[in-house]
$ cat model_23.cif   # mmCIF, C-alpha atoms and all ligand atoms
data_input
#
loop_
_atom_site.group_PDB
_atom_site.id
_atom_site.type_symbol
_atom_site.label_atom_id
_atom_site.label_comp_id
_atom_site.auth_asym_id
_atom_site.auth_seq_id
_atom_site.Cartn_x
_atom_site.Cartn_y
_atom_site.Cartn_z
ATOM 1 C CA MET A 142 13.538 4.962 18.755
ATOM 2 C CA ALA A 143 13.604 3.415 22.224
ATOM 3 C CA MET A 144 11.268 0.640 21.117
ATOM 4 C CA THR A 145 13.517 -0.366 18.189
ATOM 5 C CA ASN A 146 16.742 0.130 20.178
ATOM 6 C CA LYS A 147 17.715 2.912 17.741
ATOM 7 C CA LEU A 148 16.559 1.030 14.632
ATOM 8 C CA GLN A 149 18.898 -1.837 15.360
ATOM 9 C CA ARG A 150 17.275 -4.815 13.615
ATOM 10 C CA VAL A 151 15.747 -4.583 10.146
ATOM 11 C CA LEU A 152 12.954 -7.081 9.453
ATOM 12 C CA GLY A 153 12.297 -6.100 5.850
ATOM 13 C CA LYS A 154 11.329 -3.324 3.465
ATOM 14 C CA GLY A 155 7.984 -2.588 1.821
ATOM 15 C CA GLY A 156 6.292 0.156 -0.165
ATOM 16 C CA PHE A 157 5.970 2.308 2.947
ATOM 17 C CA GLY A 158 9.581 2.036 4.080
ATOM 18 C CA VAL A 159 11.793 -0.096 6.320
ATOM 19 C CA VAL A 160 10.282 -2.345 8.994
ATOM 20 C CA TYR A 161 12.231 -2.738 12.247
ATOM 21 C CA HIS A 162 12.025 -5.190 15.086
ATOM 22 C CA GLY A 163 10.991 -3.631 18.376
ATOM 23 C CA LEU A 164 10.070 -4.352 21.975
ATOM 24 C CA LEU A 165 7.009 -2.819 23.587
ATOM 25 C CA ASN A 166 7.559 -2.060 27.280
ATOM 26 C CA GLY A 167 10.734 -4.114 26.952
ATOM 27 C CA ALA A 168 8.706 -7.321 26.613
ATOM 28 C CA GLU A 169 6.213 -7.726 23.748
ATOM 29 C CA GLN A 170 7.814 -8.107 20.311
ATOM 30 C CA VAL A 171 6.521 -5.696 17.643
ATOM 31 C CA ALA A 172 7.246 -4.699 14.041
ATOM 32 C CA VAL A 173 7.760 -0.962 13.534
ATOM 33 C CA LYS A 174 7.142 0.303 10.003
ATOM 34 C CA LEU A 175 8.566 3.772 9.390
ATOM 35 C CA LEU A 176 7.481 5.924 6.466
ATOM 36 C CA SER A 177 10.525 6.707 4.383
ATOM 37 C CA GLN A 178 10.801 10.214 2.896
ATOM 38 C CA SER A 179 11.380 8.666 -0.522
ATOM 39 C CA SER A 180 8.292 6.459 -0.302
ATOM 40 C CA ALA A 181 5.615 6.928 -2.944
ATOM 41 C CA GLN A 182 3.069 6.377 -0.151
ATOM 42 C CA GLY A 183 2.488 9.339 2.113
ATOM 43 C CA TYR A 184 0.323 10.704 4.891
ATOM 44 C CA LYS A 185 -2.909 9.811 3.087
ATOM 45 C CA GLU A 186 -1.974 6.120 2.794
ATOM 46 C CA PHE A 187 -0.642 6.145 6.378
ATOM 47 C CA LYS A 188 -3.959 7.500 7.663
ATOM 48 C CA ALA A 189 -5.940 5.061 5.501
ATOM 49 C CA GLU A 190 -3.946 2.116 6.888
ATOM 50 C CA VAL A 191 -4.432 3.256 10.502
ATOM 51 C CA GLU A 192 -8.162 3.844 10.024
ATOM 52 C CA LEU A 193 -8.657 0.517 8.282
ATOM 53 C CA LEU A 194 -6.647 -1.587 10.717
ATOM 54 C CA LEU A 195 -8.332 0.011 13.710
ATOM 55 C CA ARG A 196 -11.702 -1.114 12.322
ATOM 56 C CA VAL A 197 -10.913 -4.373 10.567
ATOM 57 C CA HIS A 198 -9.731 -7.375 12.532
ATOM 58 C CA HIS A 199 -9.184 -10.623 10.747
ATOM 59 C CA ILE A 200 -7.201 -13.754 11.374
ATOM 60 C CA ASN A 201 -5.211 -13.095 8.184
ATOM 61 C CA LEU A 202 -4.385 -9.483 9.047
ATOM 62 C CA VAL A 203 -1.711 -8.400 11.507
ATOM 63 C CA ASN A 204 -3.097 -6.348 14.350
ATOM 64 C CA LEU A 205 -2.104 -2.730 14.647
ATOM 65 C CA VAL A 206 -0.669 -2.109 18.086
ATOM 66 C CA GLY A 207 -0.157 1.611 17.725
ATOM 67 C CA TYR A 208 1.262 4.405 15.620
ATOM 68 C CA CYS A 209 3.600 7.368 15.742
ATOM 69 C CA ASP A 210 2.479 10.660 14.168
ATOM 70 C CA GLU A 211 5.030 13.307 15.047
ATOM 71 C CA GLY A 212 5.529 15.896 12.317
ATOM 72 C CA GLU A 213 7.451 14.226 9.511
ATOM 73 C CA HIS A 214 7.907 11.043 11.505
ATOM 74 C CA LEU A 215 5.183 8.550 10.706
ATOM 75 C CA GLY A 216 5.297 5.007 11.975
ATOM 76 C CA LEU A 217 2.976 2.025 12.277
ATOM 77 C CA ILE A 218 3.452 -0.545 15.017
ATOM 78 C CA TYR A 219 2.184 -4.068 14.377
ATOM 79 C CA GLU A 220 2.148 -7.296 16.303
ATOM 80 C CA TYR A 221 5.285 -9.221 15.415
ATOM 81 C CA MET A 222 5.035 -12.195 13.054
ATOM 82 C CA PRO A 223 7.928 -14.451 14.063
ATOM 83 C CA ASN A 224 7.658 -16.921 11.174
ATOM 84 C CA GLY A 225 8.650 -14.767 8.196
ATOM 85 C CA ASP A 226 6.382 -13.828 5.316
ATOM 86 C CA LEU A 227 4.536 -15.923 2.767
ATOM 87 C CA LYS A 228 6.917 -14.951 -0.035
ATOM 88 C CA GLN A 229 9.890 -16.339 1.912
ATOM 89 C CA HIS A 230 8.016 -19.582 2.564
ATOM 90 C CA LEU A 231 6.784 -20.013 -1.006
ATOM 91 C CA SER A 232 10.242 -19.333 -2.437
ATOM 92 C CA GLY A 233 11.917 -21.664 0.086
ATOM 93 C CA LYS A 234 14.005 -18.746 1.405
ATOM 94 C CA TRP A 235 12.762 -18.992 4.981
ATOM 95 C CA GLY A 236 15.604 -20.042 7.254
ATOM 96 C CA GLY A 237 13.471 -22.528 9.232
ATOM 97 C CA SER A 238 11.640 -25.603 8.021
ATOM 98 C CA VAL A 239 10.907 -25.683 4.287
ATOM 99 C CA MET A 240 7.290 -26.187 3.192
ATOM 100 C CA SER A 241 6.551 -29.149 0.950
ATOM 101 C CA TRP A 242 5.781 -28.378 -2.697
ATOM 102 C CA LYS A 243 2.263 -29.728 -2.141
ATOM 103 C CA THR A 244 1.586 -27.203 0.670
ATOM 104 C CA ARG A 245 3.079 -24.367 -1.384
ATOM 105 C CA LEU A 246 0.882 -25.297 -4.326
ATOM 106 C CA ILE A 247 -2.267 -25.474 -2.180
ATOM 107 C CA ILE A 248 -1.573 -21.984 -0.750
ATOM 108 C CA THR A 249 -0.825 -20.489 -4.175
ATOM 109 C CA VAL A 250 -3.951 -21.958 -5.809
ATOM 110 C CA ASP A 251 -6.073 -20.859 -2.827
ATOM 111 C CA ALA A 252 -4.774 -17.271 -3.044
ATOM 112 C CA ALA A 253 -5.397 -17.187 -6.815
ATOM 113 C CA GLN A 254 -8.940 -18.528 -6.315
ATOM 114 C CA ASP A 255 -9.658 -15.889 -3.656
ATOM 115 C CA HIS A 256 -8.603 -13.229 -6.118
ATOM 116 C CA ALA A 257 -10.741 -14.767 -8.882
ATOM 117 C CA ARG A 258 -13.765 -15.044 -6.532
ATOM 118 C CA GLU A 259 -13.480 -11.368 -5.639
ATOM 119 C CA LYS A 260 -13.333 -10.422 -9.314
ATOM 120 C CA THR A 261 -16.329 -12.632 -10.145
ATOM 121 C CA HIS A 262 -18.345 -11.106 -7.314
ATOM 122 C CA ILE A 263 -17.799 -7.564 -8.602
ATOM 123 C CA ALA A 264 -18.459 -8.661 -12.193
ATOM 124 C CA GLU A 265 -21.784 -10.262 -11.147
ATOM 125 C CA TRP A 266 -22.871 -7.120 -9.337
ATOM 126 C CA VAL A 267 -22.030 -4.865 -12.289
ATOM 127 C CA GLY A 268 -23.614 -7.425 -14.651
ATOM 128 C CA LEU A 269 -26.928 -7.187 -12.777
ATOM 129 C CA ILE A 270 -26.845 -3.406 -12.874
ATOM 130 C CA LEU A 271 -26.103 -3.480 -16.590
ATOM 131 C CA GLN A 272 -29.039 -5.833 -17.185
ATOM 132 C CA LYS A 273 -31.336 -3.433 -15.365
ATOM 133 C CA GLY A 274 -29.895 -0.523 -17.336
ATOM 134 C CA ASP A 275 -29.349 1.249 -14.044
ATOM 135 C CA ILE A 276 -25.939 2.866 -14.400
ATOM 136 C CA LYS A 277 -26.670 5.716 -11.982
ATOM 137 C CA ASN A 278 -26.045 3.342 -9.095
ATOM 138 C CA ILE A 279 -22.471 2.666 -10.029
ATOM 139 C CA ILE A 280 -21.394 6.130 -11.037
ATOM 140 C CA ASP A 281 -19.545 8.270 -8.516
ATOM 141 C CA PRO A 282 -22.257 10.654 -7.172
ATOM 142 C CA ASN A 283 -19.614 13.401 -7.107
ATOM 143 C CA LEU A 284 -19.940 13.550 -10.893
ATOM 144 C CA GLN A 285 -23.488 14.849 -10.335
ATOM 145 C CA GLN A 286 -24.657 13.183 -13.544
ATOM 146 C CA ASP A 287 -22.266 15.351 -15.525
ATOM 147 C CA TYR A 288 -21.156 12.669 -17.980
ATOM 148 C CA ASP A 289 -22.001 11.179 -21.315
ATOM 149 C CA SER A 290 -24.011 8.008 -20.786
ATOM 150 C CA ASP A 291 -22.794 6.401 -24.047
ATOM 151 C CA SER A 292 -19.262 6.883 -22.799
ATOM 152 C CA ILE A 293 -20.142 5.298 -19.440
ATOM 153 C CA TRP A 294 -21.899 2.328 -21.102
ATOM 154 C CA LYS A 295 -18.917 1.695 -23.311
ATOM 155 C CA ALA A 296 -16.507 1.898 -20.373
ATOM 156 C CA LEU A 297 -18.693 -0.519 -18.370
ATOM 157 C CA GLU A 298 -18.933 -3.041 -21.171
ATOM 158 C CA LEU A 299 -15.198 -2.773 -21.633
ATOM 159 C CA ALA A 300 -14.603 -3.328 -17.898
ATOM 160 C CA MET A 301 -16.859 -6.384 -17.990
ATOM 161 C CA SER A 302 -14.950 -7.824 -20.940
ATOM 162 C CA CYS A 303 -11.674 -7.332 -19.028
ATOM 163 C CA VAL A 304 -12.799 -9.596 -16.160
ATOM 164 C CA ARG A 305 -13.921 -12.575 -18.246
ATOM 165 C CA ALA A 306 -12.795 -15.834 -16.700
ATOM 166 C CA SER A 307 -10.852 -16.946 -19.732
ATOM 167 C CA SER A 308 -7.903 -14.713 -20.625
ATOM 168 C CA ALA A 309 -8.364 -15.619 -24.304
ATOM 169 C CA ARG A 310 -11.786 -13.898 -24.178
ATOM 170 C CA ARG A 311 -10.413 -10.698 -22.624
ATOM 171 C CA PRO A 312 -9.548 -7.801 -24.956
ATOM 172 C CA SER A 313 -5.933 -7.020 -25.793
ATOM 173 C CA MET A 314 -4.395 -3.890 -24.296
ATOM 174 C CA SER A 315 -4.552 -2.061 -27.648
ATOM 175 C CA GLN A 316 -8.302 -2.858 -27.926
ATOM 176 C CA VAL A 317 -8.751 -1.481 -24.391
ATOM 177 C CA VAL A 318 -6.898 1.700 -25.333
ATOM 178 C CA ASN A 319 -8.976 2.133 -28.497
ATOM 179 C CA ASP A 320 -12.241 1.646 -26.618
ATOM 180 C CA LEU A 321 -11.177 4.112 -23.927
ATOM 181 C CA LYS A 322 -10.331 6.614 -26.659
ATOM 182 C CA ASP A 323 -13.880 6.146 -28.028
ATOM 183 C CA CYS A 324 -15.231 6.844 -24.518
ATOM 184 C CA LEU A 325 -13.255 10.074 -24.450
ATOM 185 C CA THR A 326 -14.493 11.037 -27.905
ATOM 186 C CA TYR A 327 -18.114 10.725 -26.696
ATOM 187 C CA GLU A 328 -17.341 12.692 -23.571
ATOM 188 C CA ASN A 329 -15.429 15.405 -25.409
ATOM 189 C CA SER A 330 -18.145 15.935 -27.990
ATOM 190 C CA ARG A 331 -20.717 16.215 -25.189
ATOM 191 C CA ARG A 332 -18.557 18.844 -23.480
ATOM 192 C CA ARG A 333 -18.035 20.732 -26.730
ATOM 193 C CA GLY A 334 -21.804 20.634 -27.248
ATOM 194 C CA ASN A 335 -22.402 22.008 -23.735
ATOM 195 C CA LEU A 336 -19.864 24.757 -24.256
ATOM 196 C CA GLY A 337 -21.168 25.546 -27.742
ATOM 197 C CA ILE A 338 -17.705 24.942 -29.218
ATOM 198 C CA ASP A 339 -17.173 23.333 -32.616
ATOM 199 C CA ALA A 340 -13.458 22.874 -32.775
ATOM 200 C CA LYS A 341 -11.186 21.038 -30.376
ATOM 201 C CA SER A 342 -11.393 22.930 -27.111
ATOM 202 C CA SER A 343 -8.659 23.505 -24.564
ATOM 203 C CA ASN A 344 -10.992 22.020 -21.934
ATOM 204 C CA GLU A 345 -10.939 18.714 -23.721
ATOM 205 C CA VAL A 346 -10.284 15.682 -21.600
ATOM 206 C CA SER A 347 -7.110 14.088 -22.832
ATOM 207 C CA MET A 348 -5.457 10.814 -22.182
ATOM 208 C CA ASN A 349 -1.819 10.060 -22.816
ATOM 209 C CA PHE A 350 -1.150 6.387 -23.077
ATOM 210 C CA GLY A 351 2.468 6.898 -24.117
ATOM 211 C CA THR A 352 3.998 4.776 -26.802
ATOM 212 C CA GLU A 353 4.663 1.669 -24.797
ATOM 213 C CA VAL A 354 1.359 -0.106 -25.139
ATOM 214 C CA ASN A 355 2.050 -3.733 -25.799
ATOM 215 C CA PRO A 356 -0.719 -4.986 -28.069
ATOM 216 C CA LYS A 357 -0.227 -8.511 -26.766
ATOM 217 C CA ALA A 358 -0.489 -7.551 -23.079
ATOM 218 C CA ARG A 359 -3.647 -8.744 -21.361
HETATM 219 N N1 LIG A 401 4.306 -7.604 11.557
HETATM 220 C C1 LIG A 401 5.461 -8.030 11.057
HETATM 221 N N2 LIG A 401 6.197 -8.963 11.700
HETATM 222 C C2 LIG A 401 7.370 -9.391 11.174
HETATM 223 N N3 LIG A 401 7.896 -8.933 10.016
HETATM 224 C C3 LIG A 401 7.215 -7.993 9.341
HETATM 225 C C4 LIG A 401 5.972 -7.481 9.812
HETATM 226 N N4 LIG A 401 5.517 -6.563 8.952
HETATM 227 C C5 LIG A 401 6.425 -6.506 7.960
HETATM 228 N N5 LIG A 401 7.455 -7.356 8.197
HETATM 229 C C6 LIG A 401 8.630 -7.560 7.323
HETATM 230 O O1 LIG A 401 8.859 -6.391 6.548
HETATM 231 C C7 LIG A 401 8.676 -6.666 5.136
HETATM 232 C C8 LIG A 401 7.980 -5.506 4.491
HETATM 233 O O2 LIG A 401 6.692 -5.411 5.036
HETATM 234 P P1 LIG A 401 5.589 -4.437 4.445
HETATM 235 O O3 LIG A 401 4.299 -4.692 5.126
HETATM 236 O O4 LIG A 401 6.113 -3.039 4.496
HETATM 237 O O5 LIG A 401 5.553 -4.961 2.958
HETATM 238 P P2 LIG A 401 4.572 -4.644 1.776
HETATM 239 O O6 LIG A 401 3.251 -5.216 2.085
HETATM 240 O O7 LIG A 401 5.301 -5.113 0.575
HETATM 241 O O8 LIG A 401 4.569 -3.097 1.726
HETATM 242 P P3 LIG A 401 3.445 -1.999 2.040
HETATM 243 O O9 LIG A 401 2.265 -2.667 2.675
HETATM 244 O O10 LIG A 401 4.154 -1.062 2.970
HETATM 245 O O11 LIG A 401 3.182 -1.413 0.717
HETATM 246 C C9 LIG A 401 7.878 -7.965 5.099
HETATM 247 O O12 LIG A 401 8.134 -8.671 3.915
HETATM 248 C C10 LIG A 401 8.373 -8.693 6.340
HETATM 249 O O13 LIG A 401 9.611 -9.350 6.057
#
$ encode --input "model_23.cif" --output "structure tokens"
Amino acid sequence: MAMTNKLQRVLGKGGFGVVYHGLLNGAEQVAVKLLSQSSAQGYKEFKAEVELLLRVHHINLVNLVGYCDEGEHLGLIYEYMPNGDLKQHLSGKWGGSVMSWKTRLIITVDAAQDHAREKTHIAEWVGLILQKGDIKNIIDPNLQQDYDSDSIWKALELAMSCVRASSARRPSMSQVVNDLKDCLTYENSRRRGNLGIDAKSSNEVSMNFGTEVNPKAR
């Protein structure tokens, strides 16, 4: 509270809660992010963010200066970024100098390519595993091999089809839902077999996709 001069200046609001301007030891500017009670993110996410930012240091990540963990009061203290956020700059809403359209375009394309590269990397890794037929290496060991391998294969192939470079070659959302339902059918019949049950059992894994699936969504 002292650092933010009783929450005087709001810098912005994110998924965690409101971010306030603060002064560390009355001199160094900081951003103080307080967890709001209504936030969907809670103690688990707070801890994950602290643990990650204490380990990972990167030029594109703000440094964590400290944190507050007092009962219900959770706060993260970051180095202060005086030049606004990327969204403000890209949308031309930053109060200072406005970026040229060319610069904005370069940044946007670069960010999209980073995202695509990451997706391709994962797809290549899974692709290699699929070629080798070695699914055990990508299944959560906590499952202790308690799964139907046909169901896993189908889910993997489906996942691979969802990350194809061309959106036209990716399945529609209704195809995804249908394939996932097939995965569940395999899994449920395996479980029924294990339990020696013929009819639909109350232990059956179920999936409620609601009624709002847009067949055109990709
Ligand atoms: N270190 C900082 N320096 C200056 N301003 C900041 C800083 N961190 C956050 N802000 C301001 O607060 C806003 C919300 O930040 P926050 O990191 O909470 O957003 P988010 O990434 O959308 O949410 P979250 O990561 O909590 O899910 C930012 O858009 C920015 O205006």
$ atom_distance --input "model_23.cif" --atom1 "atom CA of Lys234 of chain A" --atom2 "atom CA of Leu176 of chain A"
26.0 Å
$ atom_distance --input "model_23.cif" --atom1 "atom CA of Ser238 of chain A" --atom2 "atom CA of Asn201 of chain A"
21.0 Å
$ atom_distance --input "model_23.cif" --atom1 "atom CA of Gly155 of chain A" --atom2 "atom O2 of ligand LIG 401 (chain A)"
4.5 Å
$ resolve_selection --input "model_23.cif" --expression "the PyMOL selection byres (((not hetatm)) within 12 of (chain A and resi 401))" --output "PyMOL selection string"
chain A and resi 150-164+170-177+180-183+186-187+189-191+201-207+216-230+234-235
$ closest_residue --input "model_23.cif" --among "A:Gly337, A:Val304, A:Tyr184, A:Asn329" --to "Gly212 of chain A" --atoms "only C-alpha atoms"
A:Tyr184
$ residues_around --input "model_23.cif" --residues "Gly167 of chain A" --least-positions-apart "6" --cutoff "12 Å" --atoms "all atoms listed in the file" --output "ChimeraX atom specification"
/A:143-146
$ residues_near_point --input "model_23.cif" --point "(-21.2, 6.0, -21.9)" --cutoff "10 Å" --atoms "only C-alpha atoms" --output "PyMOL selection string"
chain A and resi 276+288-298+323-325+327-328
$ residues_around --input "model_23.cif" --residues "segment 255-262 of chain A" --least-positions-apart "5" --cutoff "10 Å" --atoms "only C-alpha atoms" --output "list of chain:residue names"
A:Thr249, A:Val250, A:Val267, A:Gly268, A:Val304, A:Arg305, A:Ala306
$ resolve_selection --input "model_23.cif" --expression "the PyMOL selection byres (((chain A and resi 311) around 12) and not hetatm)" --output "ChimeraX atom specification"
/A:298-310,312-317,357-359
$ write_last_selection --input "model_23.cif" --atoms "C-alpha atoms" --output "compact mmCIF listing (two decimals), keeping the file's coordinate frame"
# COMPACT_ATOMS: atom_id res chain seq x y z
CA GLU A 298 -18.93 -3.04 -21.17
CA LEU A 299 -15.20 -2.77 -21.63
CA ALA A 300 -14.60 -3.33 -17.90
CA MET A 301 -16.86 -6.38 -17.99
CA SER A 302 -14.95 -7.82 -20.94
CA CYS A 303 -11.67 -7.33 -19.03
CA VAL A 304 -12.80 -9.60 -16.16
CA ARG A 305 -13.92 -12.58 -18.25
CA ALA A 306 -12.80 -15.83 -16.70
CA SER A 307 -10.85 -16.95 -19.73
CA SER A 308 -7.90 -14.71 -20.62
CA ALA A 309 -8.36 -15.62 -24.30
CA ARG A 310 -11.79 -13.90 -24.18
CA PRO A 312 -9.55 -7.80 -24.96
CA SER A 313 -5.93 -7.02 -25.79
CA MET A 314 -4.39 -3.89 -24.30
CA SER A 315 -4.55 -2.06 -27.65
CA GLN A 316 -8.30 -2.86 -27.93
CA VAL A 317 -8.75 -1.48 -24.39
CA LYS A 357 -0.23 -8.51 -26.77
CA ALA A 358 -0.49 -7.55 -23.08
CA ARG A 359 -3.65 -8.74 -21.36
$ axis_aligned_box --input "model_23.cif" --around "segment 160-174 of chain A" --padding-each-side "3 Å" --output "lines of an AutoDock Vina configuration file"
center_x = 9.2
center_y = -3.9
center_z = 18.1
size_x = 12.0
size_y = 14.4
size_z = 24.3
$ closest_residue --input "model_23.cif" --among "A:Val318, A:Val197, A:Leu215, A:Cys209" --to "Lys185 of chain A" --atoms "only C-alpha atoms"
A:Leu215
$ decode --input "model_23.cif" --residues "segment 190-277 of chain A" --atoms "C-alpha atoms" --output "PDB file, in the first residue's frame"
ATOM      1  CA  GLU A 190       3.901 -16.853 -12.464  1.00  0.00           C
ATOM      2  CA  VAL A 191       6.288 -16.226  -9.547  1.00  0.00           C
ATOM      3  CA  GLU A 192       8.106 -19.529 -10.063  1.00  0.00           C
ATOM      4  CA  LEU A 193       8.409 -18.996 -13.802  1.00  0.00           C
ATOM      5  CA  LEU A 194       9.565 -15.386 -13.666  1.00  0.00           C
ATOM      6  CA  LEU A 195      12.118 -16.155 -10.975  1.00  0.00           C
ATOM      7  CA  ARG A 196      13.694 -18.727 -13.308  1.00  0.00           C
ATOM      8  CA  VAL A 197      13.151 -17.269 -16.758  1.00  0.00           C
ATOM      9  CA  HIS A 198      14.829 -14.036 -17.761  1.00  0.00           C
ATOM     10  CA  HIS A 199      14.415 -12.778 -21.266  1.00  0.00           C
ATOM     11  CA  ILE A 200      14.711  -9.457 -23.001  1.00  0.00           C
ATOM     12  CA  ASN A 201      11.024  -9.667 -23.966  1.00  0.00           C
ATOM     13  CA  LEU A 202       9.806 -10.473 -20.453  1.00  0.00           C
ATOM     14  CA  VAL A 203       9.422  -7.939 -17.658  1.00  0.00           C
ATOM     15  CA  ASN A 204      11.520  -8.775 -14.639  1.00  0.00           C
ATOM     16  CA  LEU A 205       9.805  -9.702 -11.421  1.00  0.00           C
ATOM     17  CA  VAL A 206      11.042  -7.448  -8.654  1.00  0.00           C
ATOM     18  CA  GLY A 207       9.142  -9.072  -5.829  1.00  0.00           C
ATOM     19  CA  TYR A 208       5.800 -10.306  -4.581  1.00  0.00           C
ATOM     20  CA  CYS A 209       3.348  -9.971  -1.729  1.00  0.00           C
ATOM     21  CA  ASP A 210       1.799 -13.134  -0.257  1.00  0.00           C
ATOM     22  CA  GLU A 211      -0.154 -12.155   2.828  1.00  0.00           C
ATOM     23  CA  GLY A 212      -3.272 -14.250   3.376  1.00  0.00           C
ATOM     24  CA  GLU A 213      -5.820 -13.185   0.782  1.00  0.00           C
ATOM     25  CA  HIS A 214      -3.600 -10.395  -0.485  1.00  0.00           C
ATOM     26  CA  LEU A 215      -1.538 -11.546  -3.433  1.00  0.00           C
ATOM     27  CA  GLY A 216       0.528  -9.146  -5.471  1.00  0.00           C
ATOM     28  CA  LEU A 217       3.266  -9.276  -8.089  1.00  0.00           C
ATOM     29  CA  ILE A 218       5.768  -6.454  -8.432  1.00  0.00           C
ATOM     30  CA  TYR A 219       7.388  -5.929 -11.827  1.00  0.00           C
ATOM     31  CA  GLU A 220       9.888  -3.516 -13.261  1.00  0.00           C
ATOM     32  CA  TYR A 221       7.982  -0.582 -14.709  1.00  0.00           C
ATOM     33  CA  MET A 222       7.579  -0.308 -18.483  1.00  0.00           C
ATOM     34  CA  PRO A 223       7.250   3.426 -19.133  1.00  0.00           C
ATOM     35  CA  ASN A 224       6.315   3.205 -22.820  1.00  0.00           C
ATOM     36  CA  GLY A 225       2.871   1.591 -22.668  1.00  0.00           C
ATOM     37  CA  ASP A 226       1.987  -1.825 -24.033  1.00  0.00           C
ATOM     38  CA  LEU A 227       2.148  -3.271 -27.522  1.00  0.00           C
ATOM     39  CA  LYS A 228      -1.630  -3.175 -27.941  1.00  0.00           C
ATOM     40  CA  GLN A 229      -1.674   0.592 -27.341  1.00  0.00           C
ATOM     41  CA  HIS A 230       1.116   1.080 -29.877  1.00  0.00           C
ATOM     42  CA  LEU A 231      -0.407  -1.173 -32.532  1.00  0.00           C
ATOM     43  CA  SER A 232      -3.819   0.469 -32.178  1.00  0.00           C
ATOM     44  CA  GLY A 233      -2.310   3.980 -32.232  1.00  0.00           C
ATOM     45  CA  LYS A 234      -3.764   4.666 -28.764  1.00  0.00           C
ATOM     46  CA  TRP A 235      -0.431   5.399 -27.107  1.00  0.00           C
ATOM     47  CA  GLY A 236      -0.289   9.041 -26.076  1.00  0.00           C
ATOM     48  CA  GLY A 237       3.308   9.530 -27.288  1.00  0.00           C
ATOM     49  CA  SER A 238       4.729   9.162 -30.769  1.00  0.00           C
ATOM     50  CA  VAL A 239       2.653   7.038 -33.148  1.00  0.00           C
ATOM     51  CA  MET A 240       4.366   4.096 -34.867  1.00  0.00           C
ATOM     52  CA  SER A 241       4.348   4.048 -38.653  1.00  0.00           C
ATOM     53  CA  TRP A 242       2.050   1.508 -40.317  1.00  0.00           C
ATOM     54  CA  LYS A 243       5.138  -0.223 -41.722  1.00  0.00           C
ATOM     55  CA  THR A 244       6.598  -0.775 -38.214  1.00  0.00           C
ATOM     56  CA  ARG A 245       3.229  -1.953 -36.891  1.00  0.00           C
ATOM     57  CA  LEU A 246       2.926  -4.413 -39.755  1.00  0.00           C
ATOM     58  CA  ILE A 247       6.455  -5.765 -39.237  1.00  0.00           C
ATOM     59  CA  ILE A 248       5.754  -6.364 -35.515  1.00  0.00           C
ATOM     60  CA  THR A 249       2.391  -8.026 -36.189  1.00  0.00           C
ATOM     61  CA  VAL A 250       3.768 -10.350 -38.893  1.00  0.00           C
ATOM     62  CA  ASP A 251       6.767 -11.204 -36.685  1.00  0.00           C
ATOM     63  CA  ALA A 252       4.516 -12.110 -33.732  1.00  0.00           C
ATOM     64  CA  ALA A 253       2.285 -14.248 -35.981  1.00  0.00           C
ATOM     65  CA  GLN A 254       5.347 -16.028 -37.417  1.00  0.00           C
ATOM     66  CA  ASP A 255       6.688 -16.734 -33.916  1.00  0.00           C
ATOM     67  CA  HIS A 256       3.377 -18.329 -33.051  1.00  0.00           C
ATOM     68  CA  ALA A 257       3.376 -20.364 -36.282  1.00  0.00           C
ATOM     69  CA  ARG A 258       7.003 -21.484 -35.700  1.00  0.00           C
ATOM     70  CA  GLU A 259       6.124 -22.716 -32.221  1.00  0.00           C
ATOM     71  CA  LYS A 260       3.166 -24.665 -33.589  1.00  0.00           C
ATOM     72  CA  THR A 261       5.277 -26.175 -36.384  1.00  0.00           C
ATOM     73  CA  HIS A 262       7.953 -27.227 -33.907  1.00  0.00           C
ATOM     74  CA  ILE A 263       5.457 -29.138 -31.757  1.00  0.00           C
ATOM     75  CA  ALA A 264       3.796 -30.639 -34.843  1.00  0.00           C
ATOM     76  CA  GLU A 265       7.188 -31.889 -36.124  1.00  0.00           C
ATOM     77  CA  TRP A 266       7.998 -33.490 -32.791  1.00  0.00           C
ATOM     78  CA  VAL A 267       4.630 -35.256 -32.572  1.00  0.00           C
ATOM     79  CA  GLY A 268       4.921 -36.192 -36.271  1.00  0.00           C
ATOM     80  CA  LEU A 269       8.219 -37.992 -35.614  1.00  0.00           C
ATOM     81  CA  ILE A 270       6.749 -39.856 -32.668  1.00  0.00           C
ATOM     82  CA  LEU A 271       3.751 -40.867 -34.754  1.00  0.00           C
ATOM     83  CA  GLN A 272       6.038 -42.159 -37.513  1.00  0.00           C
ATOM     84  CA  LYS A 273       7.884 -44.295 -34.988  1.00  0.00           C
ATOM     85  CA  GLY A 274       4.578 -45.513 -33.566  1.00  0.00           C
ATOM     86  CA  ASP A 275       5.865 -44.562 -30.143  1.00  0.00           C
ATOM     87  CA  ILE A 276       2.888 -42.959 -28.431  1.00  0.00           C
ATOM     88  CA  LYS A 277       3.995 -43.884 -24.906  1.00  0.00           C
TER      89      LYS A 277
END
